[in-house]
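The next block is target23.txt, given as compact mmCIF, C-alpha atoms.
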```txt
# COMPACT_ATOMS: atom_id res chain seq x y z
CA MET H 121 0.00 0.00 0.00
CA ALA H 122 1.47 3.35 -1.09
CA ALA H 123 1.32 6.27 1.34
CA ASP H 124 -1.45 8.74 0.53
CA PRO H 125 -0.54 12.32 1.65
CA GLY H 126 -4.04 12.89 3.01
CA GLU H 127 -3.98 9.71 5.07
CA VAL H 128 -0.52 10.59 6.38
CA THR H 129 -1.78 13.98 7.57
CA ASP H 130 -4.87 12.47 9.18
CA TYR H 131 -2.75 9.88 10.98
CA ILE H 132 -0.45 12.45 12.61
CA SER H 133 -3.24 14.79 13.79
CA GLY H 134 -2.27 14.20 17.42
CA LEU H 135 1.26 15.43 16.70
CA LEU H 136 0.02 18.33 14.55
CA LEU H 137 -1.93 19.62 17.55
CA ARG H 138 1.50 20.05 19.13
CA TYR H 139 3.42 21.16 16.01
CA PHE H 140 4.36 24.73 16.91
CA LYS H 141 6.83 25.32 14.08
CA PRO H 142 6.55 26.95 10.64
CA ALA H 143 3.69 25.16 8.88
CA ILE H 144 0.82 25.48 6.41
CA GLY H 145 -2.85 24.43 6.38
CA ALA H 146 -3.08 20.70 6.97
CA GLY H 147 -6.42 19.95 5.33
CA VAL H 148 -7.28 16.99 7.58
CA SER H 149 -10.53 15.17 6.88
CA LYS H 150 -10.56 12.26 9.35
CA PRO H 151 -8.15 13.22 12.16
CA LYS H 152 -6.94 10.34 14.31
CA LEU H 153 -6.73 11.44 17.93
CA THR H 154 -6.67 10.01 21.42
CA PHE H 155 -9.35 12.17 22.98
CA ALA H 156 -8.33 11.70 26.62
CA ARG H 157 -4.80 12.87 25.76
CA ASP H 158 -5.71 15.59 23.26
CA ARG H 159 -8.81 17.14 24.86
CA ASP H 160 -7.09 20.14 26.48
CA LEU H 161 -5.27 21.02 23.26
CA LEU H 162 -8.52 20.86 21.29
CA LEU H 163 -9.92 23.60 23.54
CA LEU H 164 -7.01 25.84 22.51
CA TYR H 165 -7.98 25.42 18.88
CA TRP H 166 -11.62 26.22 19.71
CA SER H 167 -10.48 29.70 20.81
CA ILE H 168 -9.30 30.41 17.23
CA SER H 169 -12.12 28.50 15.52
CA PRO H 170 -14.32 30.03 12.79
CA THR H 171 -17.32 30.13 15.16
CA VAL H 172 -15.49 32.24 17.77
CA ARG H 173 -13.97 34.50 15.10
CA ALA H 174 -17.36 34.95 13.42
CA LEU H 175 -18.82 36.07 16.75
CA CYS H 176 -16.00 38.58 17.30
CA THR H 177 -16.25 39.96 13.76
CA TYR H 178 -20.01 40.42 14.06
CA VAL H 179 -19.85 42.18 17.44
CA ILE H 180 -17.08 44.51 16.23
CA THR H 181 -18.93 45.44 13.03
CA HIS H 182 -22.35 45.77 14.74
CA ARG H 183 -21.46 47.70 17.87
CA HIS H 184 -24.88 49.39 17.87
CA GLU H 185 -26.44 46.08 18.97
CA THR H 186 -24.52 46.23 22.23
CA ALA H 187 -26.67 49.15 23.34
CA SER H 188 -29.55 46.71 23.80
CA PHE H 189 -27.52 44.27 25.91
CA LEU H 190 -28.72 45.91 29.17
CA THR H 191 -31.99 44.70 30.70
CA THR H 192 -34.63 47.02 32.26
CA ARG H 193 -36.76 47.23 35.37
CA ARG H 194 -40.05 49.04 35.93
CA ARG H 195 -39.77 52.21 38.07
CA PHE H 196 -42.20 54.82 39.49
CA ASP H 197 -41.04 58.40 40.06
CA ASN H 198 -42.35 61.97 40.28
CA ALA H 199 -39.25 63.77 39.11
CA ALA H 200 -36.41 62.10 37.24
CA ILE H 201 -37.27 59.83 34.33
CA ARG H 202 -34.39 57.40 33.67
CA GLY H 203 -35.70 55.31 30.80
CA ARG H 204 -38.50 54.69 28.32
CA ILE H 205 -41.93 55.91 29.55
CA ASP H 206 -44.70 53.35 29.72
CA ALA H 207 -47.61 55.59 28.64
CA ARG H 208 -50.48 53.25 29.50
CA ALA H 209 -49.07 52.38 32.92
CA THR H 210 -48.42 56.10 33.58
CA VAL H 211 -52.07 57.05 32.89
CA THR H 212 -53.33 54.19 35.07
CA GLU H 213 -50.95 55.09 37.89
CA ARG H 214 -52.04 58.76 37.84
CA LEU H 215 -55.73 57.82 37.96
CA VAL H 216 -55.17 55.41 40.85
CA SER H 217 -52.80 57.62 42.88
CA GLY H 218 -54.31 61.01 42.03
CA ASP H 219 -50.75 62.33 41.47
CA SER H 220 -50.57 64.09 38.08
CA ALA H 221 -46.74 64.17 38.22
CA ARG H 222 -46.43 60.41 38.55
CA HIS H 223 -44.52 58.54 35.78
CA VAL H 224 -43.94 54.87 35.06
CA PHE H 225 -40.82 54.04 33.04
CA HIS H 226 -38.41 51.20 32.28
CA GLU H 227 -34.96 51.96 33.68
CA PRO H 228 -31.96 50.12 32.14
CA VAL H 229 -30.05 48.01 34.64
CA ARG H 230 -26.85 46.01 34.28
CA SER H 231 -28.07 42.56 35.24
CA VAL H 232 -26.78 39.44 33.48
CA SER H 233 -27.59 36.75 35.99
CA THR H 234 -29.94 35.16 33.46
CA GLY H 235 -30.69 35.34 29.77
CA PRO H 236 -28.65 35.46 26.53
CA ASN H 237 -26.34 38.18 27.87
CA TYR H 238 -24.80 35.59 30.17
CA VAL H 239 -24.21 33.21 27.25
CA LEU H 240 -22.49 35.95 25.23
CA ALA H 241 -20.31 37.18 28.08
CA TRP H 242 -19.37 33.66 29.17
CA VAL H 243 -18.27 32.63 25.66
CA ILE H 244 -16.20 35.79 25.16
CA ARG H 245 -14.54 35.52 28.54
CA GLN H 246 -13.77 31.81 28.09
CA ALA H 247 -12.30 32.43 24.61
CA VAL H 248 -10.17 35.29 25.98
CA GLN H 249 -8.68 33.12 28.72
CA ILE H 250 -7.98 30.15 26.45
CA SER H 251 -6.51 32.19 23.57
CA ASP H 252 -4.21 34.05 25.98
CA ARG H 253 -2.94 30.70 27.24
CA PHE H 254 -2.49 29.45 23.66
CA LEU H 255 -0.46 32.51 22.70
CA ALA H 256 1.79 32.13 25.75
CA MET H 257 2.67 28.57 24.65
CA LEU H 258 3.79 29.48 21.13
CA PRO H 259 7.36 30.32 20.11
CA ILE H 260 7.91 33.34 17.87
CA SER H 261 8.53 31.15 14.80
CA ALA H 262 5.26 29.20 15.08
CA SER H 263 2.89 29.68 12.15
CA TYR H 264 -0.01 29.34 14.57
CA ARG H 265 1.13 32.55 16.24
CA SER H 266 -0.31 34.90 13.61
CA HIS H 267 -3.69 33.13 13.79
CA VAL H 268 -3.77 33.27 17.58
CA GLU H 269 -2.61 36.91 17.67
CA THR H 270 -5.46 37.86 15.33
CA SER H 271 -7.98 36.12 17.56
CA VAL H 272 -6.51 37.67 20.72
CA SER H 273 -6.68 41.12 19.09
CA ASP H 274 -10.33 40.65 18.02
CA LEU H 275 -11.34 39.31 21.41
CA GLY H 276 -9.60 42.25 23.07
CA ALA H 277 -11.57 44.68 20.89
CA VAL H 278 -14.82 42.96 21.85
CA LYS H 279 -13.88 42.92 25.52
CA ARG H 280 -13.30 46.71 25.47
CA ILE H 281 -16.87 47.51 24.34
CA GLU H 282 -18.49 49.30 27.28
CA ALA H 283 -21.67 47.24 27.52
CA LEU H 284 -19.79 43.95 27.23
CA ARG H 285 -17.16 45.01 29.73
CA ALA H 286 -19.91 45.72 32.25
CA ILE H 287 -21.52 42.35 31.61
CA MET H 288 -18.27 40.38 31.78
CA SER H 289 -17.37 41.93 35.12
CA GLU H 290 -20.43 40.28 36.69
CA ILE H 291 -20.07 36.70 35.48
CA HIS H 292 -18.07 33.73 36.73
CA VAL H 293 -16.53 31.40 34.13
CA SER H 294 -16.89 28.52 36.57
CA ARG H 295 -20.70 28.90 36.40
CA ARG H 296 -21.91 27.95 32.94
CA PRO H 297 -25.02 29.43 31.29
CA SER H 298 -28.31 27.89 32.36
CA ALA H 299 -30.50 25.86 30.00
CA GLN H 300 -33.01 28.73 29.98
CA ALA H 301 -30.33 31.24 29.01
CA LEU H 302 -29.16 28.98 26.18
CA ARG H 303 -32.70 28.57 24.87
CA GLU H 304 -33.21 32.32 24.88
CA ALA H 305 -29.92 32.87 23.04
CA ALA H 306 -30.75 30.22 20.43
CA ARG H 307 -34.20 31.72 19.75
CA SER H 308 -33.12 35.35 19.87
CA ARG H 309 -33.67 37.68 16.92
CA LYS H 310 -30.28 39.24 17.60
CA GLN H 311 -27.55 37.58 15.57
CA THR H 312 -25.00 38.31 18.30
CA TYR H 313 -26.75 35.96 20.71
CA VAL H 314 -27.23 33.28 18.05
CA LEU H 315 -23.51 33.33 17.18
CA ALA H 316 -22.60 33.14 20.88
CA TYR H 317 -24.90 30.14 21.25
CA ARG H 318 -23.25 28.39 18.27
CA ALA H 319 -19.78 28.98 19.69
CA TYR H 320 -20.90 27.61 23.04
CA GLN H 321 -22.48 24.52 21.46
CA GLU H 322 -19.30 23.84 19.50
CA LEU H 323 -17.26 24.02 22.70
CA ILE H 324 -19.62 21.59 24.42
CA ALA H 325 -19.41 19.19 21.46
CA ILE H 326 -15.59 19.30 21.49
CA GLU H 327 -15.48 18.71 25.24
CA ALA H 328 -17.74 15.70 24.74
CA GLY H 329 -15.50 14.28 22.01
CA ASP H 330 -18.01 14.69 19.18
CA ALA H 331 -16.16 13.42 16.08
CA SER H 332 -17.92 15.65 13.53
CA ALA H 333 -17.32 18.79 15.61
CA ILE H 334 -13.63 17.92 16.04
CA GLU H 335 -13.28 17.22 12.31
CA ARG H 336 -14.77 20.63 11.46
CA LEU H 337 -12.56 22.36 14.01
CA LEU H 338 -9.29 20.77 12.89
CA GLY H 339 -10.18 20.99 9.22
CA ALA H 340 -10.31 24.78 9.64
CA THR H 341 -7.46 25.36 12.11
CA LEU H 342 -4.83 22.60 11.99
CA LEU H 343 -1.42 23.30 10.40
CA ALA H 344 1.28 20.85 9.32
CA PRO H 345 4.80 20.83 7.84
CA ALA H 346 4.76 21.96 4.22
CA GLU H 347 6.82 19.00 3.03
CA THR H 348 5.02 15.66 2.74
CA TRP H 349 8.24 13.78 3.56
CA ARG H 350 8.33 15.50 6.96
CA ARG H 351 4.77 14.43 7.62
CA PHE H 352 5.69 10.87 6.65
CA GLU H 353 8.60 10.90 9.10
CA LEU H 354 6.25 12.08 11.86
CA ALA H 355 3.78 9.33 10.93
CA VAL H 356 6.51 6.70 11.26
CA GLY H 357 7.63 8.18 14.58
CA LEU H 358 4.07 8.15 15.91
CA ALA H 359 3.55 4.55 14.74
CA ILE H 360 6.74 3.45 16.50
CA ALA H 361 5.73 5.24 19.70
CA SER H 362 2.24 3.69 19.54
CA ALA H 363 3.77 0.24 19.03
CA LEU H 364 5.99 0.76 22.07
CA GLU H 365 2.94 1.83 24.08
CA THR H 366 1.15 -1.40 23.15
CA ALA H 367 4.15 -3.68 23.62
CA LEU H 368 5.27 -2.19 26.93
CA SER H 369 1.73 -1.54 28.27
CA MET H 370 2.79 1.95 29.32
CA PRO H 371 1.15 5.30 28.49
CA LEU H 372 2.35 7.28 25.49
CA GLU H 373 3.16 10.95 26.11
CA LEU H 374 3.45 13.28 23.11
CA SER H 375 5.60 16.40 23.38
CA LEU H 376 5.06 19.92 22.10
CA LEU H 377 7.10 20.28 18.91
CA ALA H 378 8.46 23.80 19.21
CA SER H 379 11.87 25.26 18.42
CA ASP H 380 13.84 22.90 20.68
CA THR H 381 14.84 19.85 18.60
CA GLY H 382 16.69 18.28 21.52
CA LYS H 383 13.49 16.99 23.10
CA PRO H 384 11.78 13.70 22.17
CA ILE H 385 8.55 13.84 20.21
CA ALA H 386 7.19 10.93 22.24
CA THR H 387 7.96 9.14 25.50
CA VAL H 388 6.87 5.66 26.59
CA GLY H 389 8.19 4.92 30.06
CA ARG H 390 11.97 4.83 29.87
CA LEU H 391 11.98 4.94 26.06
CA GLU H 392 12.05 8.17 24.04
CA VAL H 393 11.58 8.75 20.32
CA PHE H 394 13.57 11.63 18.81
CA TRP H 395 12.86 13.22 15.42
CA GLN H 396 15.58 14.90 13.36
CA ALA H 397 17.96 14.95 16.32
CA LYS H 398 21.35 13.26 16.72
CA THR H 399 20.82 13.06 20.51
CA ASP H 400 23.52 13.24 23.19
CA PHE H 401 24.69 9.71 22.37
CA HIS H 402 25.98 10.63 18.91
CA VAL H 403 29.76 10.40 18.35
CA TYR H 404 31.67 10.96 15.13
CA PRO H 405 32.95 7.61 13.83
CA VAL H 406 36.36 7.08 12.23
CA LEU H 407 35.84 7.66 8.52
CA GLU H 408 36.62 5.08 5.89
CA PRO H 409 38.91 6.03 2.92
CA SER H 410 36.02 6.77 0.56
CA GLU H 411 34.30 8.83 3.25
CA ASN H 412 37.48 10.86 3.77
CA VAL H 413 37.54 11.65 0.06
CA SER H 414 33.91 12.79 0.21
CA LYS H 415 34.66 14.92 3.28
CA GLN H 416 37.57 16.66 1.51
CA MET H 417 35.45 17.38 -1.58
CA LEU H 418 32.53 18.73 0.46
CA ALA H 419 34.93 21.01 2.35
CA GLN H 420 35.85 22.65 -0.96
CA TYR H 421 32.17 23.54 -1.37
CA GLY H 422 32.08 24.93 2.15
CA MET H 423 29.91 22.05 3.33
CA ARG H 424 30.22 19.72 6.32
CA TYR H 425 30.34 15.98 5.82
CA ASP H 426 28.39 15.22 8.98
CA SER H 427 25.46 17.60 8.49
CA ASP H 428 22.89 14.82 8.06
CA ARG H 429 21.14 13.16 10.97
CA PRO H 430 18.83 10.18 11.50
CA ASP H 431 15.15 10.68 10.81
CA LEU H 432 14.21 9.00 14.09
CA VAL H 433 16.12 7.56 17.04
CA VAL H 434 14.74 5.38 19.86
CA VAL H 435 16.61 5.90 23.14
CA ASP H 436 16.57 3.98 26.42
CA THR H 437 17.17 6.69 29.03
CA ASN H 438 17.88 4.22 31.85
CA ALA H 439 20.48 2.27 29.91
CA ALA H 440 21.76 5.51 28.31
CA GLU H 441 21.95 4.08 24.82
CA VAL H 442 20.28 4.17 21.44
CA LEU H 443 18.06 1.14 20.82
CA ALA H 444 17.14 1.77 17.19
CA VAL H 445 17.81 4.09 14.27
CA VAL H 446 14.93 4.74 11.87
CA GLU H 447 15.12 6.01 8.30
CA ALA H 448 11.88 7.04 6.54
CA LYS H 449 11.59 7.54 2.77
CA PHE H 450 8.59 9.19 1.20
CA PHE H 451 8.34 8.94 -2.58
CA THR H 452 5.69 8.59 -5.23
CA VAL H 453 5.15 5.27 -6.94
CA GLU H 454 5.61 6.72 -10.42
CA GLY H 455 9.15 7.19 -11.65
CA GLU H 456 10.94 5.97 -8.53
CA ASP H 457 12.18 2.46 -7.85
CA ALA H 458 11.32 1.37 -4.31
CA ARG H 459 14.36 -0.91 -4.26
CA ASP H 460 16.65 2.01 -5.03
CA ARG H 461 15.15 3.94 -2.13
CA LEU H 462 15.60 0.92 0.12
CA ARG H 463 19.24 0.66 -0.94
CA GLU H 464 19.75 4.36 -0.22
CA ALA H 465 18.04 4.08 3.17
CA LEU H 466 20.13 1.06 4.16
CA HIS H 467 23.39 2.90 3.44
CA GLN H 468 22.18 5.79 5.60
CA VAL H 469 21.14 3.57 8.50
CA VAL H 470 24.55 1.86 8.47
CA ARG H 471 26.29 5.24 8.54
CA TYR H 472 24.09 6.46 11.39
CA ALA H 473 24.57 3.25 13.38
CA ARG H 474 28.34 3.73 13.31
CA ALA H 475 27.81 7.03 15.14
CA TYR H 476 26.18 5.22 18.08
CA ARG H 477 28.41 2.13 18.37
CA THR H 478 32.20 1.89 18.32
CA ASP H 479 32.57 -1.87 17.86
CA MET H 480 31.45 -3.46 14.57
CA VAL H 481 29.60 -6.25 16.37
CA ASP H 482 27.65 -3.61 18.29
CA VAL H 483 26.92 -1.81 15.01
CA GLN H 484 25.46 -5.05 13.62
CA SER H 485 23.37 -5.45 16.78
CA LEU H 486 21.96 -1.94 16.45
CA LEU H 487 21.20 -2.52 12.76
CA SER H 488 19.24 -5.67 13.61
CA THR H 489 16.89 -3.60 15.79
CA SER H 490 16.60 -0.59 13.48
CA VAL H 491 13.80 0.23 11.04
CA ILE H 492 13.49 1.42 7.44
CA ALA H 493 10.08 2.84 6.51
CA LEU H 494 9.18 3.19 2.83
CA ALA H 495 6.15 5.03 1.50
CA ASN H 496 5.82 2.23 -1.06
CA LYS H 497 7.41 -1.00 0.13
CA PRO H 498 8.68 -3.44 -2.53
CA THR H 499 8.18 -7.19 -2.30
CA LEU H 500 10.98 -8.60 -0.16
CA PRO H 501 11.99 -12.01 1.25
CA ASP H 502 10.79 -13.00 4.72
CA ASP H 503 13.00 -11.07 7.14
CA GLU H 504 12.73 -13.53 10.03
CA GLY H 505 16.22 -14.32 11.32
CA MET H 506 17.83 -11.55 9.29
CA ILE H 507 20.56 -9.40 10.85
CA ALA H 508 19.23 -6.30 9.14
CA PRO H 509 16.78 -3.45 9.78
CA VAL H 510 13.08 -4.23 9.71
CA VAL H 511 11.53 -2.83 6.52
CA ILE H 512 7.95 -1.55 6.82
CA GLY H 513 5.47 0.11 4.48
CA PHE H 514 2.66 2.58 5.05
CA ASP H 515 0.19 -0.23 5.75
CA ASP H 516 2.43 -1.20 8.69
CA VAL H 517 2.14 2.39 9.93
CA LEU H 518 -1.66 2.39 9.82
CA SER H 519 -1.97 -1.12 11.31
CA PRO H 520 1.22 -1.51 13.33
CA ARG H 521 0.89 -5.23 14.15
CA ARG H 522 4.36 -5.77 12.73
CA LEU H 523 5.80 -2.84 14.66
CA VAL H 524 4.25 -4.11 17.89
CA ALA H 525 5.99 -7.46 17.37
CA TRP H 526 9.23 -5.54 16.75
CA ALA H 527 8.71 -3.45 19.92
CA LYS H 528 8.12 -6.48 22.16
CA GLN H 529 11.87 -7.07 22.31
CA TRP H 530 11.92 -4.17 24.80
CA GLU H 531 9.10 -5.29 27.05
CA ALA H 532 9.54 -4.03 30.61
CA PRO H 533 10.73 -7.32 32.21
CA SER H 534 13.49 -7.83 29.65
CA LEU H 535 14.58 -4.23 30.00
CA ALA H 536 14.87 -4.59 33.76
CA GLN H 537 16.91 -7.76 33.50
CA ALA H 538 19.19 -6.84 30.63
CA PRO H 539 19.13 -3.22 29.54
CA SER H 540 21.78 -3.72 26.86
CA LEU H 541 20.87 -5.08 23.46
CA PRO H 542 21.64 -8.74 22.73
CA GLN H 543 24.75 -9.29 20.68
CA ALA H 544 24.07 -10.28 17.10
CA PRO H 545 26.20 -12.89 15.36
CA SER H 546 29.21 -11.29 13.72
CA LEU H 547 29.15 -10.73 9.96
CA PRO H 548 31.97 -9.75 7.65
CA PRO H 549 32.09 -5.94 7.34
CA SER H 550 31.58 -6.15 3.58
CA SER H 551 28.14 -7.71 4.08
CA LEU H 552 26.92 -4.50 5.75
CA ILE H 553 27.44 -2.34 2.68
```

Rewrite the structure of this file - the entire thing - as structure tokens.
Amino acid sequence: MAADPGEVTDYISGLLLRYFKPAIGAGVSKPKLTFARDRDLLLLYWSISPTVRALCTYVITHRHETASFLTTRRRFDNAAIRGRIDARATVTERLVSGDSARHVFHEPVRSVSTGPNYVLAWVIRQAVQISDRFLAMLPISASYRSHVETSVSDLGAVKRIEALRAIMSEIHVSRRPSAQALREAARSRKQTYVLAYRAYQELIAIEAGDASAIERLLGATLLAPAETWRRFELAVGLAIASALETALSMPLELSLLASDTGKPIATVGRLEVFWQAKTDFHVYPVLEPSENVSKQMLAQYGMRYDSDRPDLVVVDTNAAEVLAVVEAKFFTVEGEDARDRLREALHQVVRYARAYRTDMVDVQSLLSTSVIALANKPTLPDDEGMIAPVVIGFDDVLSPRRLVAWAKQWEAPSLAQAPSLPQAPSLPPSSLI
């Protein structure tokens, strides 16, 4: 099965929620998430969702509607009239009281304990708090930052409107709108209240894990790396981490992917998965003659020989060693030979393995536990008993039964008893190339 770019993006939705680097619109259609783990992050994306932004835009462009946000109460007075006169009630009151100076009027009061005003103020205040927290999490280089800054600016403009400021000062975010207030907002003739109700309902649906609401939200807000090959690497990394979670029966923790590349993208107990990072365990191996020639030629171009790095590295933090090196290759089926890409990936994995092991037997051992992931896997012999990296395709990413079997070699009991990798039988060095 060849890797479809859309399926790759859907598969890594959980990582894209945490991808705070330069990115573009992801265009997810069926995001694959673990709701219990991703719920809090989904609320951040609600604060920049189209429903919240539509509410802000409408309030800002229809400020005159805010004048009617205040409720009224009926008052009787002989002197000052502080509201709209109720003519019929005034005549009746004068006839009953005999006081010709008596007036009945409706005085505006700032009360939002019930009704659609509470729904509006609650939604705005909740969105303000969440978007502020979202902005504080983002590094300067994150593409999400411009989207969040726009939302924060719009919400700030709404919050500064006099009538809304008065309403928001009286509410408590911990006390949600009542069912009656929501009904009134939904049935209101004022579009402001209707939009506030829709934003609230979307928030409730997301909190409840409603799949269609989450799909709409992420389809409009989620960003991803521009290059498909980066997305494929993330998909392989997530599949490996998920396989480790299943094999080790330990929870998977995903990290925020910001500017710091020295942190793992995923952690499962004592095991960490790094993406595009050499890690602290990397050492520069002694170069072979042909590699020295390449190094000298690259120096003439002003380039470093050792600028490349593994796509993914699995590290055992307790044993302080690299357990596996992973190379991922994304390519289209047309015009590219999968076997050529496998050959290229194998050379790279061997080179990377030499940077984590000094002895050739140890290099062979690391290679036997490493992985090569191809977007379109060719037909290969059965790899059981091979002293070579496991080769997987995109179908193994989507249904990682094979990766789970691979990950079981690091089940918790075996790790506790023997943290070091088993020694593989020695092969002639020429057989590794």

* To do: Skip H:Phe254 itself and residues of its chain fewer than 4 positions away, then list as a ChimeraX atom specification all residues within 8 Å of it, counting all atoms listed in the file.
  => /H:164,250,258,268

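Of note, atom CA of H:Glu408 and atom CA of H:Glu447 are spaced 21.7 Å apart.
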
* What is the distance between atom CA of H:Arg285 and atom CA of H:Ala319, in Å to one decimal? -> 19.1 Å

* Asked: What does the distance from atom CA of H:Ala328 to atom CA of H:Trp166 come to in Å, to one decimal?
  -> 13.2 Å

* Using only C-alpha atoms, which of H:Thr387, H:Ser169, H:Gln311, H:Gln300 sits nearest H:Ser251? ->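 That would be H:Ser169, the residue with the smallest distance to H:Ser251.
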
* Structure fact -> Using only C-alpha atoms, the shortest atom-to-atom distance to H:Ile334 among H:Ala444, H:Lys150, H:Ser519, H:Phe140 belongs to H:Lys150

* Residue contacts of H:Ala495 (6 Å, only C-alpha atoms) excluding same-chain residues fewer than 6 positions away, as a list in words -> Ala122, Ala123, Phe450, Gly513 and Phe514 of chain H

Preceding selection exported with C-alpha atoms as an mmCIF file, keeping the file's coordinate frame:
```cif
data_model
loop_
_atom_site.group_PDB
_atom_site.id
_atom_site.type_symbol
_atom_site.label_atom_id
_atom_site.label_comp_id
_atom_site.auth_asym_id
_atom_site.auth_seq_id
_atom_site.Cartn_x
_atom_site.Cartn_y
_atom_site.Cartn_z
ATOM 1 C CA ALA H 122 1.470 3.350 -1.090
ATOM 2 C CA ALA H 123 1.320 6.270 1.340
ATOM 3 C CA PHE H 450 8.590 9.190 1.200
ATOM 4 C CA GLY H 513 5.470 0.110 4.480
ATOM 5 C CA PHE H 514 2.660 2.580 5.050
#
```
